[in-house]
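Chemist: Just so it is clear, I am handing over query19.cif, which has mmCIF, C-alpha atoms.
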```cif
data_model
#
loop_
_atom_site.label_atom_id
_atom_site.label_comp_id
_atom_site.auth_asym_id
_atom_site.auth_seq_id
_atom_site.Cartn_x
_atom_site.Cartn_y
_atom_site.Cartn_z
CA MET M 24 39.44 -20.61 -13.96
CA LYS M 25 38.37 -24.17 -14.74
CA VAL M 26 38.73 -25.07 -11.05
CA ILE M 27 36.52 -22.15 -9.98
CA THR M 28 33.90 -23.08 -12.57
CA PHE M 29 33.94 -26.68 -11.36
CA ILE M 30 33.51 -25.64 -7.70
CA LEU M 31 30.61 -23.31 -8.60
CA SER M 32 28.87 -26.07 -10.55
CA LEU M 33 29.20 -28.41 -7.56
CA ALA M 34 27.81 -25.75 -5.21
CA ILE M 35 24.77 -25.24 -7.45
CA SER M 36 24.25 -28.99 -7.82
CA PHE M 37 24.23 -29.53 -4.06
CA ASN M 38 22.26 -26.31 -3.34
CA ILE M 39 25.06 -24.91 -1.16
CA PHE M 40 24.02 -21.31 -1.89
CA ALA M 41 20.61 -20.89 -0.21
CA SER M 42 18.14 -18.54 -1.83
CA ASP M 43 17.04 -15.41 0.03
CA THR M 44 13.53 -15.74 -1.35
CA ASN M 45 10.71 -17.07 0.77
CA PRO M 46 7.83 -18.34 -1.40
CA ALA M 47 5.33 -18.09 1.47
CA LYS M 48 6.21 -14.45 2.14
CA ASP M 49 6.14 -13.71 -1.60
CA LEU M 50 2.56 -15.04 -1.78
CA LEU M 51 1.52 -12.80 1.11
CA LEU M 52 3.03 -9.80 -0.67
CA LYS M 53 1.13 -10.78 -3.85
CA MET M 54 -2.06 -10.95 -1.80
CA ALA M 55 -1.46 -7.47 -0.38
CA ASN M 56 -0.95 -6.12 -3.90
CA ALA M 57 -4.08 -7.90 -5.19
CA VAL M 58 -6.24 -6.49 -2.38
CA HIS M 59 -5.15 -2.95 -3.29
CA THR M 60 -5.39 -3.25 -7.09
CA ARG M 61 -8.25 -5.64 -7.96
CA ASN M 62 -11.97 -4.95 -8.25
CA PHE M 63 -13.90 -7.52 -6.23
CA ASP M 64 -17.14 -8.19 -4.38
CA ALA M 65 -16.88 -10.79 -1.61
CA SER M 66 -18.94 -12.18 1.24
CA PHE M 67 -17.41 -13.91 4.24
CA VAL M 68 -18.30 -15.20 7.70
CA VAL M 69 -16.28 -15.06 10.91
CA VAL M 70 -16.91 -18.08 13.13
CA LYS M 71 -16.11 -17.86 16.86
CA GLY M 72 -17.29 -20.96 18.68
CA LYS M 73 -21.06 -21.04 18.23
CA THR M 74 -21.35 -17.47 16.96
CA MET M 75 -21.13 -16.37 13.34
CA GLU M 76 -20.76 -12.88 11.89
CA PRO M 77 -21.49 -12.33 8.16
CA TYR M 78 -19.79 -9.53 6.22
CA ARG M 79 -19.80 -8.09 2.72
CA TRP M 80 -16.51 -6.69 1.40
CA LEU M 81 -16.11 -4.65 -1.79
CA HIS M 82 -13.03 -3.02 -3.26
CA ALA M 83 -12.27 -1.02 -6.38
CA LYS M 84 -9.42 0.91 -7.97
CA GLN M 85 -10.73 3.81 -10.04
CA ASP M 86 -7.90 5.67 -11.75
CA ASP M 87 -5.53 6.25 -8.81
CA ILE M 88 -8.22 6.19 -6.13
CA GLU M 89 -8.90 3.18 -3.91
CA ILE M 90 -12.45 2.62 -2.68
CA GLU M 91 -13.35 -0.01 -0.10
CA HIS M 92 -16.58 -0.90 1.68
CA LEU M 93 -16.97 -3.38 4.55
CA SER M 94 -20.28 -4.00 6.28
CA LEU M 95 -21.48 -6.30 9.06
CA LEU M 96 -24.76 -7.79 7.91
CA ASN M 97 -26.26 -8.95 11.23
CA GLY M 98 -27.92 -6.92 13.96
CA ALA M 99 -28.11 -3.15 13.74
CA GLY M 100 -25.26 -3.26 11.24
CA LEU M 101 -21.87 -1.64 10.99
CA GLU M 102 -20.58 0.08 7.87
CA MET M 103 -17.00 1.12 7.09
CA VAL M 104 -16.00 3.08 3.99
CA ARG M 105 -12.47 3.85 2.84
CA VAL M 106 -11.54 6.33 0.12
CA ASP M 107 -7.75 6.26 -0.20
CA ASN M 108 -6.41 7.37 3.19
CA GLN M 109 -9.71 8.26 4.85
CA VAL M 110 -11.90 5.71 6.62
CA THR M 111 -15.42 6.56 7.83
CA TYR M 112 -17.26 4.43 10.39
CA PHE M 113 -21.04 4.28 10.59
CA GLU M 114 -21.98 2.65 13.90
CA PRO M 115 -25.41 2.10 15.46
CA GLN M 116 -26.62 4.83 17.83
CA SER M 117 -23.65 7.13 17.24
CA GLU M 118 -22.64 9.85 14.83
CA PRO M 119 -20.42 8.78 11.91
CA TYR M 120 -16.76 9.74 12.19
CA SER M 121 -13.72 9.65 9.91
CA LEU M 122 -10.07 8.81 10.53
CA THR M 123 -6.97 9.43 8.45
CA THR M 124 -5.69 5.89 7.84
CA ASP M 125 -4.98 3.61 4.90
CA SER M 126 -6.82 0.55 6.26
CA ILE M 127 -10.16 -0.44 7.77
CA ALA M 128 -10.14 -1.85 11.31
CA GLY M 129 -11.97 -5.06 10.41
CA PRO M 130 -11.68 -8.75 11.32
CA ILE M 131 -8.61 -9.28 9.07
CA PRO M 132 -5.29 -8.06 10.55
CA GLU M 133 -4.44 -4.94 8.56
CA VAL M 134 -0.73 -5.77 8.37
CA LEU M 135 -1.62 -8.50 5.85
CA PHE M 136 -2.49 -5.78 3.36
CA LYS M 137 0.87 -4.08 3.84
CA ASN M 138 4.49 -5.26 3.98
CA VAL M 139 4.49 -8.38 6.14
CA GLU M 140 8.28 -8.22 6.30
CA ARG M 141 7.90 -6.25 9.53
CA LEU M 142 6.64 -9.44 11.19
CA SER M 143 9.67 -11.56 10.29
CA GLY M 144 11.45 -10.89 13.59
CA HIS M 145 8.81 -12.76 15.58
CA TYR M 146 6.94 -14.89 13.00
CA ASP M 147 7.98 -17.39 10.33
CA PHE M 148 6.27 -17.63 6.92
CA VAL M 149 5.75 -21.26 5.93
CA LEU M 150 4.25 -22.70 2.73
CA GLY M 151 1.53 -25.27 3.40
CA GLY M 152 -0.45 -27.59 1.13
CA LYS M 153 -2.96 -26.93 -1.62
CA GLY M 154 -6.71 -27.49 -1.47
CA ARG M 155 -10.10 -26.08 -2.48
CA ILE M 156 -11.93 -23.30 -0.67
CA SER M 157 -15.34 -22.12 -1.86
CA GLY M 158 -14.83 -24.11 -5.05
CA ARG M 159 -11.53 -22.39 -5.89
CA ALA M 160 -7.97 -23.75 -5.91
CA ALA M 161 -6.21 -22.47 -2.79
CA GLN M 162 -2.68 -22.37 -1.38
CA LEU M 163 -2.11 -22.45 2.39
CA VAL M 164 0.39 -20.01 3.90
CA ARG M 165 1.14 -20.29 7.62
CA ILE M 166 2.28 -17.35 9.74
CA GLU M 167 3.91 -19.18 12.64
CA SER M 168 4.80 -17.51 15.93
CA LYS M 169 8.39 -18.12 16.97
CA ASP M 170 7.25 -18.68 20.58
CA GLU M 171 4.15 -20.06 22.29
CA ASP M 172 3.07 -16.70 23.71
CA LYS M 173 1.10 -15.92 20.53
CA TYR M 174 -1.17 -17.83 18.19
CA ASN M 175 -0.33 -18.87 14.66
CA TYR M 176 -2.34 -17.50 11.73
CA TRP M 177 -3.09 -19.61 8.66
CA ILE M 178 -4.23 -18.12 5.36
CA TRP M 179 -5.58 -19.86 2.26
CA LEU M 180 -5.03 -17.79 -0.90
CA ASP M 181 -6.84 -18.03 -4.23
CA MET M 182 -4.28 -19.39 -6.69
CA GLU M 183 -5.89 -17.46 -9.55
CA SER M 184 -6.46 -14.00 -8.08
CA SER M 185 -4.07 -14.13 -5.04
CA LEU M 186 -6.95 -12.89 -2.86
CA LEU M 187 -7.71 -14.30 0.57
CA LEU M 188 -10.23 -17.17 0.70
CA LYS M 189 -9.94 -18.35 4.30
CA ALA M 190 -8.00 -17.50 7.47
CA ALA M 191 -7.78 -18.93 10.97
CA TYR M 192 -6.15 -18.31 14.33
CA VAL M 193 -4.52 -21.63 15.22
CA ASN M 194 -3.01 -22.68 18.54
CA HIS M 195 0.24 -24.60 18.86
CA GLN M 196 -1.65 -27.91 18.97
CA GLY M 197 -2.95 -27.20 15.46
CA GLU M 198 -6.52 -26.42 16.55
CA ALA M 199 -8.41 -23.64 14.73
CA LEU M 200 -9.84 -21.28 17.35
CA GLU M 201 -11.45 -18.71 15.08
CA GLN M 202 -12.05 -18.85 11.35
CA LEU M 203 -12.90 -16.48 8.54
CA GLN M 204 -14.09 -17.94 5.25
CA LEU M 205 -15.32 -16.41 2.04
CA THR M 206 -18.66 -17.76 0.89
CA HIS M 207 -18.62 -15.84 -2.40
CA ILE M 208 -16.16 -13.79 -4.40
CA SER M 209 -16.46 -12.09 -7.76
CA VAL M 210 -13.42 -10.47 -9.39
CA THR M 211 -14.36 -8.05 -12.18
CA GLU M 212 -12.69 -5.79 -14.71
CA GLN M 213 -14.85 -2.79 -13.78
CA PRO M 214 -15.56 -1.37 -10.30
CA ALA M 215 -18.98 -2.04 -8.76
CA SER M 216 -21.38 0.85 -9.36
CA MET M 217 -22.07 1.03 -5.62
CA LEU M 218 -18.42 1.92 -5.01
CA LEU M 219 -18.32 4.54 -7.73
CA GLU M 220 -21.31 6.23 -6.09
CA ILE M 221 -19.28 6.51 -2.88
CA LEU M 222 -16.99 9.01 -4.60
CA ASN M 223 -19.92 11.46 -4.73
CA ARG M 224 -20.75 11.17 -1.01
CA ASN M 225 -19.73 13.69 1.62
CA PHE M 226 -18.01 12.29 4.70
CA PRO M 227 -17.12 13.85 8.07
CA THR M 228 -13.83 15.67 8.41
CA PRO M 229 -11.22 13.25 9.82
CA LEU M 230 -10.56 13.51 13.54
CA PRO M 231 -7.11 14.80 14.53
CA ASN M 232 -4.63 11.93 14.77
CA ASN M 233 -3.50 12.98 18.23
CA SER M 234 -7.02 12.48 19.58
CA LEU M 235 -6.73 8.74 19.02
CA GLU M 236 -3.03 7.90 19.21
CA THR M 237 -1.67 9.34 22.43
CA LEU M 238 0.85 8.42 25.07
CA ASP M 239 -0.25 9.99 28.35
CA SER M 240 2.90 10.54 30.42
CA ASN M 241 1.04 10.57 33.76
CA THR M 242 -0.66 7.26 33.02
CA ALA M 243 2.60 5.73 31.84
CA LYS M 244 4.29 6.71 35.11
CA THR M 245 1.55 5.24 37.31
CA TRP M 246 2.00 1.57 36.45
CA LYS M 247 4.72 -0.85 35.38
CA ILE M 248 3.92 -3.75 33.07
CA ASP M 249 6.98 -5.90 33.59
CA TRP M 250 6.27 -8.66 31.05
CA LEU M 251 5.00 -8.65 27.48
CA PRO M 252 5.43 -11.18 24.65
CA ALA M 253 8.43 -10.58 22.38
CA GLY M 254 7.96 -7.72 19.93
CA PHE M 255 5.13 -5.89 21.70
CA GLU M 256 5.44 -2.13 21.99
CA LEU M 257 3.26 0.53 23.58
CA LEU M 258 1.03 2.34 21.06
CA LYS M 259 -1.30 4.29 23.30
CA SER M 260 -2.01 5.09 26.95
CA ASP M 261 -4.64 7.27 28.58
CA ARG M 262 -7.09 7.55 31.46
CA HIS M 263 -10.81 7.44 30.74
CA LYS M 264 -14.15 6.13 31.98
CA LEU M 265 -15.43 2.77 30.80
CA ASP M 266 -18.80 2.80 29.04
CA LEU M 267 -19.71 -0.46 30.78
CA ASN M 268 -19.66 0.76 34.39
CA ASN M 269 -18.50 4.40 34.22
CA GLU M 270 -15.40 3.45 36.25
CA LEU M 271 -12.18 5.41 35.74
CA THR M 272 -9.46 3.21 34.22
CA ASP M 273 -5.86 3.52 33.10
CA TYR M 274 -5.61 2.11 29.60
CA TYR M 275 -2.64 0.77 27.62
CA LEU M 276 -2.59 -0.54 24.05
CA PHE M 277 0.29 -2.76 22.87
CA SER M 278 1.02 -4.38 19.51
CA ASP M 279 3.66 -6.51 17.81
CA GLY M 280 2.49 -5.33 14.39
CA PHE M 281 0.11 -8.26 14.02
CA VAL M 282 -1.83 -8.62 17.28
CA GLU M 283 -3.08 -5.86 19.58
CA VAL M 284 -3.45 -6.30 23.35
CA SER M 285 -5.37 -3.92 25.63
CA VAL M 286 -4.62 -3.59 29.35
CA PHE M 287 -7.12 -1.89 31.69
CA ILE M 288 -6.19 -1.05 35.32
CA GLN M 289 -8.77 0.26 37.79
CA ARG M 290 -9.81 0.17 41.45
CA PRO M 291 -11.37 -3.15 42.54
CA LEU M 292 -15.11 -3.39 42.06
CA PRO M 293 -17.28 -4.27 45.10
CA GLY M 294 -17.36 -7.95 46.05
CA LYS M 295 -14.57 -10.49 46.18
CA ARG M 296 -13.73 -11.79 42.73
CA LEU M 297 -11.29 -14.49 41.75
CA SER M 298 -8.83 -14.05 38.89
CA GLY M 299 -9.71 -15.92 35.71
CA SER M 300 -10.26 -15.81 31.97
CA LEU M 301 -13.02 -15.99 29.39
CA THR M 302 -12.45 -16.83 25.73
CA SER M 303 -14.45 -16.31 22.56
CA GLY M 304 -12.76 -17.74 19.49
CA ALA M 305 -9.20 -16.43 19.65
CA THR M 306 -10.08 -13.52 21.95
CA THR M 307 -9.11 -13.82 25.61
CA VAL M 308 -10.34 -11.64 28.47
CA TYR M 309 -8.28 -12.21 31.62
CA VAL M 310 -9.15 -10.42 34.88
CA HIS M 311 -6.61 -10.35 37.71
CA ASN M 312 -7.14 -9.00 41.22
CA GLY M 313 -3.93 -7.36 42.38
CA GLY M 314 -5.19 -6.55 45.88
CA ASN M 315 -5.94 -2.85 45.71
CA PHE M 316 -6.39 -2.77 41.93
CA ASP M 317 -7.89 -4.91 39.16
CA VAL M 318 -6.20 -5.65 35.82
CA SER M 319 -8.06 -6.74 32.68
CA VAL M 320 -6.14 -7.96 29.62
CA VAL M 321 -7.97 -8.33 26.29
CA GLY M 322 -6.55 -9.60 23.00
CA ASN M 323 -6.18 -12.44 20.52
CA ILE M 324 -3.61 -14.21 22.66
CA PRO M 325 -3.50 -17.45 24.70
CA SER M 326 -4.98 -17.35 28.22
CA LEU M 327 -1.59 -18.08 29.79
CA THR M 328 -0.05 -15.12 27.96
CA ALA M 329 -2.83 -12.80 29.17
CA LYS M 330 -2.37 -14.14 32.72
CA LYS M 331 1.38 -13.45 32.66
CA ILE M 332 0.80 -9.89 31.43
CA ALA M 333 -1.86 -9.19 34.09
CA GLU M 334 0.20 -10.62 36.95
CA SER M 335 3.25 -8.56 35.92
CA VAL M 336 1.46 -5.24 36.57
CA THR M 337 2.72 -3.31 39.59
CA ARG M 338 2.56 0.26 40.77
CA ALA M 339 5.44 2.41 39.61
CA LEU M 340 7.66 3.62 42.43
#
```
Can you give me the file's structure in the form of structure tokens?
Modeler:
Amino acid sequence: MKVITFILSLAISFNIFASDTNPAKDLLLKMANAVHTRNFDASFVVVKGKTMEPYRWLHAKQDDIEIEHLSLLNGAGLEMVRVDNQVTYFEPQSEPYSLTTDSIAGPIPEVLFKNVERLSGHYDFVLGGKGRISGRAAQLVRIESKDEDKYNYWIWLDMESSLLLKAAYVNHQGEALEQLQLTHISVTEQPASMLLEILNRNFPTPLPNNSLETLDSNTAKTWKIDWLPAGFELLKSDRHKLDLNNELTDYYLFSDGFVEVSVFIQRPLPGKRLSGSLTSGATTVYVHNGGNFDVSVVGNIPSLTAKKIAESVTRAL
């Protein structure tokens, strides 16, 4: 028994038994819990190159009901309201509509407000340094892609409230491509009166889930997409007309749980066009001419990744 005790003491002294805990992941889980349980009023900006989008973000927990409001403050405006598992979108020049979902489709990846463990197969969670963001003590947590086909995502968390203060898509050279930063945050004991008033509003009946999340078997059989980054799975496919040019397109939506990538395949438009990409912040649009069809790939992924996806598209036999 004394020998066993001695060996165990040596193992502990030399840290032979590694801990299963990951402090970076634990902080992300604390953030997700804070976002769902705290009352706060925050303002933030999203910076993409020379463009800037300002938002206001409010959240409250009243009894067992979650209330969330996100609004884009520039232009004609965009308003999103969540009451528990129903989100209503108010967009310019269109009728409001509701969806049955537990998260708003905003500029922050929604998986961050859930269990990030699902990302661990393709991303590492790494603890960074401490600093100050918007006058508050902050801890950096890095979500690092395990390959170079995807960007990294860095998050600075408020050390007092565990809420997000800043986030950035970062390439593998350490350059920030797109940033989100809070300019103001107020954490309160009581919900904002504006959010409590939302509980008395009437919202549209949620659209059927199958009207938005579909896998069209005919579309899926038309094309083969032979290469995707590790972890990406097909979420949706259909055939519809593009609002931009009224052209019929076959559409595919893929995701690895963190990033979504859209693939559009259509007949070539008039005029000879070369393949190439455009970027705005972290968003890439890559257009590839496949001879008798055009492929467009859109997502927060590197240009080379979008190019590889587009060039892998072939007609199914």
Chemist: Report as a list in words the full result of the PyMOL selection byres ((chain M and resi 307) around 10) when it is applied to this structure.
Modeler: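 Those residues are Val284, Ser300, Leu301, Thr302, Ser303, Gly304, Ala305, Thr306, Val308, Tyr309, Val310, Val320, Val321, Gly322, Asn323, Ile324, Pro325, Ser326, Leu327, Thr328, Ala329 and Lys330 of chain M.
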Chemist: Considering only C-alpha atoms, can you say which of M:Pro115, M:Gly280, M:Pro291, M:Gly314 comes closest to M:Gly144?
Modeler: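 Comparing M:Pro115, M:Gly280, M:Pro291, M:Gly314 against M:Gly144, the winner is M:Gly280.
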Chemist: If I take atom CA of M:Thr123 and atom CA of M:Ser216, how far is one from the other in Å, to one decimal?
Modeler: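 These two atoms are separated by 24.5 Å.
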Chemist: Residues at most 12 Å from M:Leu265, counting only C-alpha atoms, excluding those fewer than 5 positions away in the same chain, as number ranges by chain?
Modeler: M: 270-274, 287-289
Chemist: For M:Ala215, please output as an MDAnalysis selection string all residues within 12 Å (counting all atoms listed in the file; exclusion window: fewer than 5 positions along the same chain).
Modeler: chainID M and resid 61:65 80:85 90:92 209:210 220:222
Chemist: Which value, in Å to one decimal, gives the distance between atom CA of M:Tyr275 and atom CA of M:Val318?
Modeler: 11.0 Å
Chemist: Residues at most 9 Å from M:Leu51, counting all atoms listed in the file, excluding those fewer than 4 positions away in the same chain, as a PyMOL selection string?
Modeler: chain M and resi 46-47+55-56+135-136+138-139+148+164+178+180+185
Chemist: Mind checking which residues fall within 9 Å of M:Thr337, counting only C-alpha atoms, ignoring those fewer than 6 positions away in the same chain, and posting them as an MDAnalysis selection string?
Modeler: chainID M and resid 245:249 313
Chemist: Evaluate the PyMOL selection byres ((chain M and resi 200-207) around 7) against this structure - the residues, as a list in words, please.
Modeler: Ala65, Ser66, Phe67, Val68, Val69, Val70, Lys71, Ser157, Leu188, Lys189, Ala190, Ala191, Tyr192, Val193, Glu198, Ala199, Ile208, Ser209, Gly304 and Ala305 of chain M
Chemist: Generate the output file for the selected residues, C-alpha atoms, as an mmCIF file, in the coordinates of the input.
Modeler:
```cif
data_model
loop_
_atom_site.group_PDB
_atom_site.id
_atom_site.type_symbol
_atom_site.label_atom_id
_atom_site.label_comp_id
_atom_site.auth_asym_id
_atom_site.auth_seq_id
_atom_site.Cartn_x
_atom_site.Cartn_y
_atom_site.Cartn_z
ATOM 1 C CA ALA M 65 -16.880 -10.790 -1.610
ATOM 2 C CA SER M 66 -18.940 -12.180 1.240
ATOM 3 C CA PHE M 67 -17.410 -13.910 4.240
ATOM 4 C CA VAL M 68 -18.300 -15.200 7.700
ATOM 5 C CA VAL M 69 -16.280 -15.060 10.910
ATOM 6 C CA VAL M 70 -16.910 -18.080 13.130
ATOM 7 C CA LYS M 71 -16.110 -17.860 16.860
ATOM 8 C CA SER M 157 -15.340 -22.120 -1.860
ATOM 9 C CA LEU M 188 -10.230 -17.170 0.700
ATOM 10 C CA LYS M 189 -9.940 -18.350 4.300
ATOM 11 C CA ALA M 190 -8.000 -17.500 7.470
ATOM 12 C CA ALA M 191 -7.780 -18.930 10.970
ATOM 13 C CA TYR M 192 -6.150 -18.310 14.330
ATOM 14 C CA VAL M 193 -4.520 -21.630 15.220
ATOM 15 C CA GLU M 198 -6.520 -26.420 16.550
ATOM 16 C CA ALA M 199 -8.410 -23.640 14.730
ATOM 17 C CA ILE M 208 -16.160 -13.790 -4.400
ATOM 18 C CA SER M 209 -16.460 -12.090 -7.760
ATOM 19 C CA GLY M 304 -12.760 -17.740 19.490
ATOM 20 C CA ALA M 305 -9.200 -16.430 19.650
#
```
Chemist: Taking the file as shown, what set of residues would the PyMOL selection byres ((chain M and resi 134) around 12) give back, as an NGL selection string?
Modeler: :M and (51-52 or 54-55 or 125-133 or 135-142 or 278-283)
Chemist: If I wrap all listed atoms of stretch 137-147 of chain M in a box with edges along x, y and z and add 3 Å on each side, what are its centre and edge lengths in Å to one decimal, as AutoDock Vina command-line options?
Modeler:
```
--center_x 6.2 --center_y -10.7 --center_z 9.7 --size_x 16.6 --size_y 19.3 --size_z 17.7
```
Chemist: Distance atom CA of M:Ser184-atom CA of M:Val110, one decimal place?
Modeler: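 One can read the atom CA of M:Ser184 to atom CA of M:Val110 distance as 25.2 Å.
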Chemist: Point out the residue among M:Ile332, M:Met103, M:Leu50, M:Ala339 with the least atom-to-atom distance to M:Ile166, counting only C-alpha atoms.
Modeler: M:Leu50
Chemist: Closest to M:Asn225 among M:Leu186, M:Ser298, M:Lys264, M:Tyr120, using all atoms listed in the file?
Modeler: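 Of all the options, M:Tyr120 lies closest to M:Asn225.
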Chemist: Just checking: using only C-alpha atoms, which residue out of M:Leu122, M:Val149, M:Ile156, M:Ile88 ends up closest to M:Lys48?
Modeler: M:Val149
